[in-house]
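**Q** I'd like to ask some things about the structure below.
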There are 2 protein chains.
Amino acid sequence: MTRFDSATMVAAVGEGRYTAELDPGYLIGRAINGGYLMAIMQRAALIESPHAHAVSSSYHFLRPGTAGPAEIDVAVLKAGRTVATVQVTARQNGAALVTGTIATATMDPSAVPVYEAEPAPVPPIEECVRFDPRAGQISTTSFIERVDQYYTQESWDRINRRAADPVPELVGHVRLSEVDGRDNDDPSLFLPLAVDALPPVVVTLDSWRWAPTVELTWHMRAIPEPGPLTFRSRAAAVNDGWFDETVDLWDTKGRLVAQSRQLARSSR
Amino acid sequence: MTRFDSATMVAAVGEGRYTAELDPGYLIGRAINGGYLMAIMQRAALIESPHAHAVSSSYHFLRPGTAGPAEIDVAVLKAGRTVATVQVTARQNGAALVTGTIATATMDPSAVPVYEAEPAPVPPIEECVRFDPRAGQISTTSFIERVDQYYTQESWDRINRRAADPVPELVGHVRLSEVDGRDNDDPSLFLPLAVDALPPVVVTLDSWRWAPTVELTWHMRAIPEPGPLTFRSRAAAVNDGWFDETVDLWDTKGRLVAQSRQLARSSR
């Protein structure tokens, strides 16, 4: 069992009620990573659903969470034969941290896409730069140890703001870290963490700072193959203290497995 | 007052409780349009919020609504100084149709974007084809009379599946219809209808059919100028009975005002 598997476990304590222990390894500064929280909430939601997959998940982030115990409440809004919709809220000390609504369904691993846009052209992982927290170019946190990140040279230059054109777009590969046991049993459970594990895409435009997510919606589009995921993260607009971050993930076979978009505050 | 303004009115009937009368003009077949429902729900949500704008709104569609009376329940989850988050549910005959969560804030009309991607290159409205319900090429519904739609010739060919390359991407312009009184007082209230008023983008790939939205999230990125909005609607994947539809809207000054993505069923 990987650290991710054990860190996202939930324990049933009543009708639609679960507890979890938030692992301090997933802190970014003093706040727990949102993707990690989503991964925990999804596990509780799927226990309550008759279906296997979180196909469409929207989360609103109300206040930052921290390490330690959390309560997860799950309510089934609709239990349909094709789609079951579940509302899930994570709380600490009685205060809601995140509320999510998840449309669950059972996806077919043998489905053949009717249409797929071209994946982002990203060179193989061997040709990418490993985001090495020990390199000390960017302030590190223990969270960086949870997820291995690989960037193209161009993206790496953008992160370090050495790019001639400061475009808010980053591409590369992402997977659960080797130190934590690498790939977990069910690659689809990594998706909610993967869509919110990268540095805020606006780091390409300005110095690294706190960029709290207000809303994040992600859609699972296919069951991923095991192995690293290829990502593209980009923003369409940074305006009035808000920015969007749209993240697409493809598996090793080049299949689009997740589409995510978040709206976040860019504190200035 | 436009028909849209009167058709989206809500009446307070108690603590966080509203009623609305769903206008049959917004039916598509036997189901009420989702964008119209979102516009009504947003009006109720903004009454309960201390802030003026629905900045980030996610909706899960549980069952189709119809014309006639509906109840709207609003609960404030967090009343922050910068962001207030509101949960809103629309019901008919006691059954929930749609549940939404809306992060509200007050946007600055004079904000200058720090970054904006290039808008989609769309020729002016005069060079586009008006989607004319009387042309009879596509089965019409009264909903088509509510929103005037203009497509580029290429998009029009795609809708009618005369395109050499059947790409699920449509561009053009959209506004409240002339027969209904044209632009409403507050252009930002049209945005939730505009992001869900176009034909399902998969009509470019297959014959026109029922494509129920399961989840739709849209972000307001700037306060729109009055006048028509330029749109681009596209899908990244059609797989396993699901498709995404990502809609961007720009105002007459070329500013990105809304970003939407929905996940819908493609019944086959």
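Ligands are numbered from 1 in the order shown, residues from 1 within each chain, and chains are lettered A, B, ... in the order they appear in the structure tokens.
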Near chain B, which residues of chain A fall within 7 Å when you count only C-alpha atoms, and what do they look like as an mmCIF file with N, CA, C and O atoms, in the first residue's frame?
**A**
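Saved as iface.cif:
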```
data_model
loop_
_atom_site.group_PDB
_atom_site.id
_atom_site.type_symbol
_atom_site.label_atom_id
_atom_site.label_comp_id
_atom_site.auth_asym_id
_atom_site.auth_seq_id
_atom_site.Cartn_x
_atom_site.Cartn_y
_atom_site.Cartn_z
ATOM 1 N N SER A 56 -17.908 13.412 -12.618
ATOM 2 C CA SER A 56 -17.938 14.872 -12.679
ATOM 3 C C SER A 56 -18.040 15.419 -11.261
ATOM 4 O O SER A 56 -19.036 15.198 -10.573
ATOM 5 N N SER A 58 -17.472 18.703 -8.590
ATOM 6 C CA SER A 58 -17.245 20.143 -8.383
ATOM 7 C C SER A 58 -17.122 20.419 -6.895
ATOM 8 O O SER A 58 -17.908 19.920 -6.095
ATOM 9 N N LEU A 62 -14.037 26.499 1.155
ATOM 10 C CA LEU A 62 -14.569 27.532 2.043
ATOM 11 C C LEU A 62 -13.512 28.083 2.991
ATOM 12 O O LEU A 62 -13.459 29.273 3.255
ATOM 13 N N LYS A 78 -29.266 11.836 -5.572
ATOM 14 C CA LYS A 78 -29.998 11.096 -6.602
ATOM 15 C C LYS A 78 -29.278 9.788 -6.841
ATOM 16 O O LYS A 78 -28.065 9.799 -7.069
ATOM 17 N N MET A 107 -17.681 3.634 -15.488
ATOM 18 C CA MET A 107 -17.117 3.790 -16.822
ATOM 19 C C MET A 107 -16.679 2.434 -17.362
ATOM 20 O O MET A 107 -16.353 1.518 -16.610
ATOM 21 N N ASP A 108 -16.645 2.373 -18.687
ATOM 22 C CA ASP A 108 -16.310 1.131 -19.375
ATOM 23 C C ASP A 108 -14.840 1.181 -19.797
ATOM 24 O O ASP A 108 -14.464 2.014 -20.621
ATOM 25 N N ALA A 111 -14.189 1.260 -23.584
ATOM 26 C CA ALA A 111 -14.843 2.251 -24.452
ATOM 27 C C ALA A 111 -13.844 2.816 -25.458
ATOM 28 O O ALA A 111 -12.686 3.066 -25.121
ATOM 29 N N VAL A 112 -14.298 3.018 -26.680
ATOM 30 C CA VAL A 112 -13.461 3.604 -27.727
ATOM 31 C C VAL A 112 -14.010 4.998 -28.029
ATOM 32 O O VAL A 112 -15.181 5.135 -28.384
ATOM 33 N N PRO A 113 -13.179 6.054 -27.879
ATOM 34 C CA PRO A 113 -13.691 7.410 -28.088
ATOM 35 C C PRO A 113 -14.274 7.615 -29.488
ATOM 36 O O PRO A 113 -13.698 7.163 -30.486
ATOM 37 N N VAL A 114 -15.406 8.292 -29.547
ATOM 38 C CA VAL A 114 -16.002 8.710 -30.816
ATOM 39 C C VAL A 114 -15.188 9.869 -31.389
ATOM 40 O O VAL A 114 -15.017 10.008 -32.602
ATOM 41 N N TYR A 115 -14.676 10.711 -30.483
ATOM 42 C CA TYR A 115 -13.857 11.848 -30.889
ATOM 43 C C TYR A 115 -12.897 12.176 -29.758
ATOM 44 O O TYR A 115 -13.268 12.098 -28.583
ATOM 45 N N GLU A 116 -11.678 12.540 -30.101
ATOM 46 C CA GLU A 116 -10.730 13.051 -29.120
ATOM 47 C C GLU A 116 -9.862 14.101 -29.786
ATOM 48 O O GLU A 116 -9.306 13.852 -30.861
ATOM 49 N N ALA A 117 -9.739 15.268 -29.151
ATOM 50 C CA ALA A 117 -8.806 16.278 -29.652
ATOM 51 C C ALA A 117 -7.381 15.744 -29.484
ATOM 52 O O ALA A 117 -7.123 14.867 -28.666
ATOM 53 N N GLU A 215 -12.960 27.495 -6.415
ATOM 54 C CA GLU A 215 -13.789 26.421 -6.974
ATOM 55 C C GLU A 215 -12.926 25.569 -7.890
ATOM 56 O O GLU A 215 -12.072 26.096 -8.599
ATOM 57 N N ALA A 236 -6.454 31.183 -18.955
ATOM 58 C CA ALA A 236 -6.970 32.023 -20.044
ATOM 59 C C ALA A 236 -6.970 33.494 -19.649
ATOM 60 O O ALA A 236 -6.853 34.370 -20.509
ATOM 61 N N ALA A 237 -7.139 33.771 -18.359
ATOM 62 C CA ALA A 237 -7.189 35.178 -17.939
ATOM 63 C C ALA A 237 -6.794 35.314 -16.474
ATOM 64 O O ALA A 237 -7.123 34.464 -15.644
ATOM 65 N N VAL A 238 -6.080 36.383 -16.196
ATOM 66 C CA VAL A 238 -5.763 36.798 -14.823
ATOM 67 C C VAL A 238 -6.321 38.207 -14.723
ATOM 68 O O VAL A 238 -5.840 39.124 -15.384
ATOM 69 N N ASN A 239 -7.387 38.359 -13.958
ATOM 70 C CA ASN A 239 -8.110 39.646 -13.950
ATOM 71 C C ASN A 239 -8.781 39.871 -12.607
ATOM 72 O O ASN A 239 -9.393 38.960 -12.065
ATOM 73 N N ASP A 240 -8.653 41.074 -12.110
ATOM 74 C CA ASP A 240 -9.430 41.508 -10.948
ATOM 75 C C ASP A 240 -9.189 40.606 -9.723
ATOM 76 O O ASP A 240 -10.089 40.374 -8.924
#
```
**Q** So what do you get for CA of Pro64 in chain B versus CA of Ser233 in chain B, distance-wise?
**A**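 Between CA of Pro64 in chain B and CA of Ser233 in chain B the gap is 22.8 Å.
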**Q** Could you go through range 40-180 of chain A and tell me which residues DSSP, when run on the backbone, assigns to alpha helix (DSSP H), listing them as an MDAnalysis selection string?
**A** chainID A and resid 40:48 153:159
**Q** May I have the selected residues written with C-alpha atoms, as a short mmCIF file (atom, residue, chain, number, x, y, z; two decimals), in the first residue's frame?
**A**
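Result file follows (part_39.cif):
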```cif
data_model
loop_
_atom_site.label_atom_id
_atom_site.label_comp_id
_atom_site.auth_asym_id
_atom_site.auth_seq_id
_atom_site.Cartn_x
_atom_site.Cartn_y
_atom_site.Cartn_z
CA ILE A 40 -10.32 11.67 0.52
CA MET A 41 -13.80 13.11 -0.07
CA GLN A 42 -14.10 11.07 -3.28
CA ARG A 43 -13.28 7.84 -1.45
CA ALA A 44 -16.10 8.49 1.02
CA ALA A 45 -18.49 9.50 -1.78
CA LEU A 46 -17.80 6.34 -3.79
CA ILE A 47 -18.54 4.14 -0.77
CA GLU A 48 -22.03 5.67 -0.64
CA GLN A 153 12.76 22.80 -20.40
CA GLU A 154 10.48 25.56 -21.71
CA SER A 155 8.01 25.07 -18.85
CA TRP A 156 10.82 24.89 -16.34
CA ASP A 157 12.14 28.22 -17.63
CA ARG A 158 8.63 29.66 -17.29
CA ILE A 159 8.37 28.48 -13.68
#
```
**Q** From the set B:Thr8, B:Asn160, B:Thr213, B:Gln92, which residue has the shortest atom-to-atom contact distance to Phe190 in chain B, counting only C-alpha atoms?
**A**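 Closest to Phe190 in chain B, using only C-alpha atoms: B:Thr8.
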**Q** Give me, as a ChimeraX atom specification, the residues of range 114-158 of chain B that a backbone DSSP run labels strand (DSSP E).
**A** /B:115-116,129-130,147-151
**Q** Keeping N, CA, C and O atoms for every residue in the selection just given, could you write it to a file as a PDB file, in the first residue's frame?
**A**
```pdb
ATOM      1  N   TYR B 115      -3.300  39.366 -17.516  1.00  0.00           N
ATOM      2  CA  TYR B 115      -3.034  38.488 -18.658  1.00  0.00           C
ATOM      3  C   TYR B 115      -4.360  38.067 -19.263  1.00  0.00           C
ATOM      4  O   TYR B 115      -5.323  37.810 -18.530  1.00  0.00           O
ATOM      5  N   GLU B 116      -4.411  37.996 -20.575  1.00  0.00           N
ATOM      6  CA  GLU B 116      -5.572  37.433 -21.263  1.00  0.00           C
ATOM      7  C   GLU B 116      -5.090  36.711 -22.514  1.00  0.00           C
ATOM      8  O   GLU B 116      -4.325  37.283 -23.298  1.00  0.00           O
ATOM      9  N   VAL B 129     -23.963  33.845 -40.205  1.00  0.00           N
ATOM     10  CA  VAL B 129     -25.261  33.315 -40.615  1.00  0.00           C
ATOM     11  C   VAL B 129     -26.185  33.325 -39.407  1.00  0.00           C
ATOM     12  O   VAL B 129     -25.843  32.765 -38.363  1.00  0.00           O
ATOM     13  N   ARG B 130     -27.327  33.930 -39.540  1.00  0.00           N
ATOM     14  CA  ARG B 130     -28.302  33.913 -38.457  1.00  0.00           C
ATOM     15  C   ARG B 130     -28.940  32.527 -38.389  1.00  0.00           C
ATOM     16  O   ARG B 130     -29.357  31.971 -39.411  1.00  0.00           O
ATOM     17  N   VAL B 147     -33.164  33.399 -27.913  1.00  0.00           N
ATOM     18  CA  VAL B 147     -31.748  33.783 -28.016  1.00  0.00           C
ATOM     19  C   VAL B 147     -31.375  33.837 -29.492  1.00  0.00           C
ATOM     20  O   VAL B 147     -31.546  32.855 -30.208  1.00  0.00           O
ATOM     21  N   ASP B 148     -30.907  34.999 -29.942  1.00  0.00           N
ATOM     22  CA  ASP B 148     -30.469  35.111 -31.333  1.00  0.00           C
ATOM     23  C   ASP B 148     -29.050  34.571 -31.451  1.00  0.00           C
ATOM     24  O   ASP B 148     -28.172  34.945 -30.690  1.00  0.00           O
ATOM     25  N   GLN B 149     -28.856  33.676 -32.432  1.00  0.00           N
ATOM     26  CA  GLN B 149     -27.568  33.003 -32.612  1.00  0.00           C
ATOM     27  C   GLN B 149     -27.057  33.243 -34.029  1.00  0.00           C
ATOM     28  O   GLN B 149     -27.811  33.123 -34.989  1.00  0.00           O
ATOM     29  N   TYR B 150     -25.783  33.573 -34.141  1.00  0.00           N
ATOM     30  CA  TYR B 150     -25.149  33.854 -35.431  1.00  0.00           C
ATOM     31  C   TYR B 150     -23.889  33.002 -35.520  1.00  0.00           C
ATOM     32  O   TYR B 150     -23.078  32.999 -34.603  1.00  0.00           O
ATOM     33  N   TYR B 151     -23.754  32.279 -36.624  1.00  0.00           N
ATOM     34  CA  TYR B 151     -22.612  31.372 -36.791  1.00  0.00           C
ATOM     35  C   TYR B 151     -21.772  31.780 -37.994  1.00  0.00           C
ATOM     36  O   TYR B 151     -22.312  32.286 -38.993  1.00  0.00           O
TER      37      TYR B 151
END
```
**Q** From the options A:Glu225, A:Glu169, A:Asp196, A:Glu15, which residue's atoms come nearest to Val74 in chain A, counting only C-alpha atoms?
**A**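 The shortest atom-to-atom distance to Val74 in chain A comes from A:Glu15.
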